[in-house]
Structure formats: structure tokens, C-alpha cells
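Have a look at the structure below before the remarks.
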Amino acid sequence: MTSVHTSKRPAASATVRTRPATVRTRPTGYAVVRRPRASFLVHRRAAAVAGVLAVLLFAAVVANLTLGESTVPPVEVVKVMLGQPSPDELVVGTLRMPRMVVGLMVGAALGVAGALIQTVARNPLASPDIIGVTHGAAAATVGAMTFGLTSYAVLPYVSVAGGLAAAALVYVFAWRGGLHATRFVLIGIGVAVALRSVTQLFLTKGDYLVAQQAKVWMTGSLNGRGWDQAAPLGWALLALLPFVLWAARAQREVGLDDDTATALGVRLGRSRLVLVGTGVMLAALATGAAGPVDFVALLAPQVARRLTRTAQIPLLSSALLGAFIVTLGDLLARKLFSPTELPVGVLTAAIGAPYLIFLIIRSRTGAKA
């Protein structure tokens, strides 16, 4: 009698080892930055564009501080910027630096404001100067100047109040159980036209000298800006910084279509209201500091988006590009027709108006296609 032993262990040759499928969780074009307590994704192209814009902005800042009625060597400009003693400290640090700092903050604020409002409206034409926010600030400021309130310490608060009132008016009229992009833009344009008429009415009713002062302010100018305008603006923008950081994350949720965002539990109404409110505050503060510097809020976000090729409008690149446009525009406004100095708003309008026509023609071509 023979016994047959059978092994329960399968033969080695029959063993099939399978590796778990690799799941790619990192989107294409992004890099992971890991820190001890947190990790986050960085869009490679957006980071590279922001780096190039920062370099260009630094060059524009140095050129702005170097060139003027008297030319200061760039080495001395850098010394003053670093706080080192320099024989040109009075010219650079006292006369030119405050104006340049105000221009930087105004441009950055307008760039971010345009990005936030265009994100909510989903329309590249929806910038604060198109939908009436800056016109509301201008109407309130010119009205206050007409009635004798000409203090630069108070006028920025009047501008903020006027911008907020205009934005609230547009938001209320455009809301019909939701915020439709086309309706939001068209009502904003209508409100802007109405507020422009109110501004002209204030100009005709005011004193001649006050009217001339208001007209210069309405062109968007950095002439005569000092640390007394730069400091309040800087503190106000710093107070809005947490909202801007939150908006950078909320942009992705608001960028989804309504059904998908609702299914994911996103409170679209609240997010859109905070984004629009933050954008309006930024635009109104910039208008109060330098007047309506047109087309920066329209131009900077769209150019930044085309350069970075991201799904959402990049806030950092929009801020850098807005600051670069205003800084370079102020330099050209001072030097192109020297000794006559043009307001910076004239230069930005000359650049932005053709771009607005390009956007309108492109949108019509896209609609026909």
C-alpha cells in the first residue's frame, strides 16, 4: 500500500505576483512642495511667470526711482532701497519713493480686484472700471469735493463708500435667484454710465477751481502722493490680505459649474459674495488713493492668465502685472512729454482701450463660431 502525499503549497512557478496599480494623484504641470507640517501643489509655469514678472517689476521700480528731473545712479537707488546712507536719499527716499510705493499698491490692488470679479462673473469684460465700481467711487469723491470736502485724509474713505454702494447696486439688480454673467456685466455697464452722468453733474455744480482739481483726480494720477497716502493704503490692503488668501482657494470652487459645485457642498452664493466684496474693496481703495486708473483691472488678469495657462486667473501674477503696468505707465507718463507730466491714467487708457476692443471682437468671433 502506497501512500500519496499532496502538498497544499502551490508550485513556485504557478505563483503570480501582481503589483498594485500606481495612482497618479498629482495633476500634470504641478510640483509638490513638502514642508514638515504641510505640503501643497505649485503650478510650475505659473511660478516661473511670477518669477519673471517679479524681476521685471524690480527693474521698473529701479528705473522709476532713477529717472526724473535729475538722474540718480542705480547703485545709489539700491542703497536707499536697502536703507543704507546715500547722498541721493532726499531725492529718492523722500520725493520719489512714496509716489512709487503708492503706484505699486494701486496696481497690485487693481490686478487682484479684476481677477476676483472676472472669476465670479466668468467674463473677461467684468472689471471694476467697466461695471461701475470705480465710477461709484469717483462720483462719491467728486460730490464730496464739490461740497467742500477736499482733505486727502478723508477722501479715500468716501471713495470706498461710493465703490461699495455702486457694487451693491449692481449686485442687487443682477441677482435673479442666481448671478448670470451676461446680466451682471450689462447692468454694471448701465450703472457705470449713470454714475458718470452724476459725476459730470457734480462738476458743473461745483466751484471752478474745485472742478479742475476733480478733473485731474478723475484721470488717475500719482502726482503729489506721499507717505501720508501710502501708509493708510498699506494698512488697509494688509487688513484685506486674509480674504485674498482665502479667495485664492475659493476660486477653484467658484470656477466649477453650478451643478457640480452644489453637489460638492459648495455654498456658491456666499463664496461669490465674499469674492466680489473683496474685489470691490480693493478697487475702491486703489481709486481713493490715485483716482480711477482705468483698464489695469481689465488688462492684468487676462494677460496673466494667458501667460500662465492656468484654469483659474492667478492672483499673484495678476498683482505683479498690475503693479508693473502702473509703475511703467507712471514712468512713461513723466518722461514721454517731459517737462509736461501726464497722469498715469492717460497711459493705461491708451494701452487698455485697444485691448478692450480686441476682447469685444474676439468674443463676437467666438459667438459666431
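Starting from 1 in every chain, residues are counted up; chains themselves are A, B, ... following the order of the C-alpha cells, and ligands are numbered from 1 as listed.
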
Show me a table, sorted first by chain and then by increasing residue number, of the residues of range 258-292 of chain A having an atom at most 12 Å from range 316-330 of chain A, each with its shortest atom pair and the distance in Å to one decimal, counting only C-alpha atoms and written as JSON lines.
{"residue": "A:Leu282", "atom": "CA", "partner": "A:Ala319", "partner_atom": "CA", "distance": 11.3}
{"residue": "A:Ala283", "atom": "CA", "partner": "A:Gly322", "partner_atom": "CA", "distance": 11.9}
{"residue": "A:Ala286", "atom": "CA", "partner": "A:Val326", "partner_atom": "CA", "distance": 11.5}
{"residue": "A:Ala290", "atom": "CA", "partner": "A:Val326", "partner_atom": "CA", "distance": 10.8}
{"residue": "A:Pro292", "atom": "CA", "partner": "A:Val326", "partner_atom": "CA", "distance": 12.0}

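Non-sequential neighbours of Gly93 in chain A (distance at most 8 Å, separation of 4 or more positions within a chain, only C-alpha atoms) are Val80, Met81, Asp88, Glu89, Met97 and Pro98 of chain A.
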
File of the preceding selection, C-alpha atoms, as a short mmCIF file (atom, residue, chain, number, x, y, z; two decimals), in the first residue's frame:
data_model
loop_
_atom_site.label_atom_id
_atom_site.label_comp_id
_atom_site.auth_asym_id
_atom_site.auth_seq_id
_atom_site.Cartn_x
_atom_site.Cartn_y
_atom_site.Cartn_z
CA VAL A 80 18.38 103.89 -0.50
CA MET A 81 16.05 100.92 -1.00
CA ASP A 88 20.64 110.99 -3.03
CA GLU A 89 18.47 109.92 -0.11
CA MET A 97 9.80 106.63 -3.21
CA PRO A 98 6.31 107.44 -1.74
#

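Here CA of Asp129 in chain A is placed at a distance of 26.8 Å from CA of Phe58 in chain A.
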
Fill in the blank from the handout: Between A:Ala46, A:Met145, A:Val120, A:Ile189, smallest distance to Trp217 in chain A by only C-alpha atoms belongs to A:Met145

Set out as CSV a contact list for range 93-204 of chain A and range 218-233 of chain A with a cut-off of 10 Å, giving each residue of range 93-204 of chain A that qualifies its closest atom pair and distance in Å to one decimal, counting only C-alpha atoms, ordered by chain and rising residue number.
residue,atom,partner,partner_atom,distance
A:Thr94,CA,A:Gly226,CA,8.3
A:Leu95,CA,A:Gly226,CA,7.9
A:Arg96,CA,A:Gly226,CA,8.7
A:Met97,CA,A:Gly226,CA,8.3
A:Pro98,CA,A:Gly226,CA,4.8
A:Arg99,CA,A:Arg225,CA,5.0
A:Met100,CA,A:Leu222,CA,8.3
A:Val101,CA,A:Ala230,CA,6.8
A:Val102,CA,A:Ala230,CA,5.3
A:Gly103,CA,A:Leu222,CA,6.9
A:Leu104,CA,A:Ala230,CA,9.9
A:Met105,CA,A:Leu233,CA,7.7
A:Val106,CA,A:Leu233,CA,8.6
A:Thr134,CA,A:Met218,CA,9.9
A:His135,CA,A:Met218,CA,9.4
A:Ala138,CA,A:Met218,CA,6.8
A:Ala139,CA,A:Met218,CA,9.5
A:Thr141,CA,A:Met218,CA,9.4
A:Val142,CA,A:Met218,CA,8.4
A:Tyr152,CA,A:Gln229,CA,7.6
A:Ala153,CA,A:Gln229,CA,7.6
A:Pro156,CA,A:Leu233,CA,8.7
A:Thr199,CA,A:Met218,CA,9.7

Handout entry: Per-residue DSSP, range 60-262 of chain A, filtered to alpha helix (DSSP H), as a VMD selection string
Key = chain A and resid 60 to 66 74 to 81 89 97 to 121 133 to 146 155 to 174 181 to 205 208 to 218 227 to 254 258 to 262

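For Ile117 in chain A, the set of protein, DNA and RNA residues having any atom at most 10 Å away, when counting only C-alpha atoms and skipping those fewer than 3 positions along the same chain, is Val112, Ala113, Gly114, Val120, Ala121, Arg122, Asn123, Pro124, Leu125, Ala126, Ser127, Pro128, Ile131, Arg272, Leu275, Val276, Gly277, Thr278, Gly279, Val280, Ala297 and Leu298 of chain A.
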
Handout entry: Atom-to-atom span, CA of Leu116 in chain A and CA of Leu256 in chain A, Å
Key = 14.6 Å

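Going from CA of Val193 in chain A to CA of Gly136 in chain A covers 10.2 Å.
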
Practice task
Using DSSP on the backbone coordinates, identify the residues of range 37-180 of chain A assigned to strand (DSSP E); present them as a ChimeraX atom specification.
Solution key: /A:39-43

Selection file, C-alpha atoms, as a PDB file, in the first residue's frame:
ATOM      1  CA  SER A  39       2.502  70.197   1.688  1.00  0.00           C
ATOM      2  CA  PHE A  40       0.930  71.968  -1.266  1.00  0.00           C
ATOM      3  CA  LEU A  41       0.855  71.935  -5.054  1.00  0.00           C
ATOM      4  CA  VAL A  42       2.594  74.585  -7.142  1.00  0.00           C
ATOM      5  CA  HIS A  43       1.876  75.159 -10.833  1.00  0.00           C
TER       6      HIS A  43
END

Problem - Among the residues A:Leu53, A:Ala144, A:Leu264, A:Ala108, the one that comes closest to Val158 in chain A [using only C-alpha atoms] - result: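 Using only C-alpha atoms, the shortest distance to Val158 in chain A belongs to A:Ala144.
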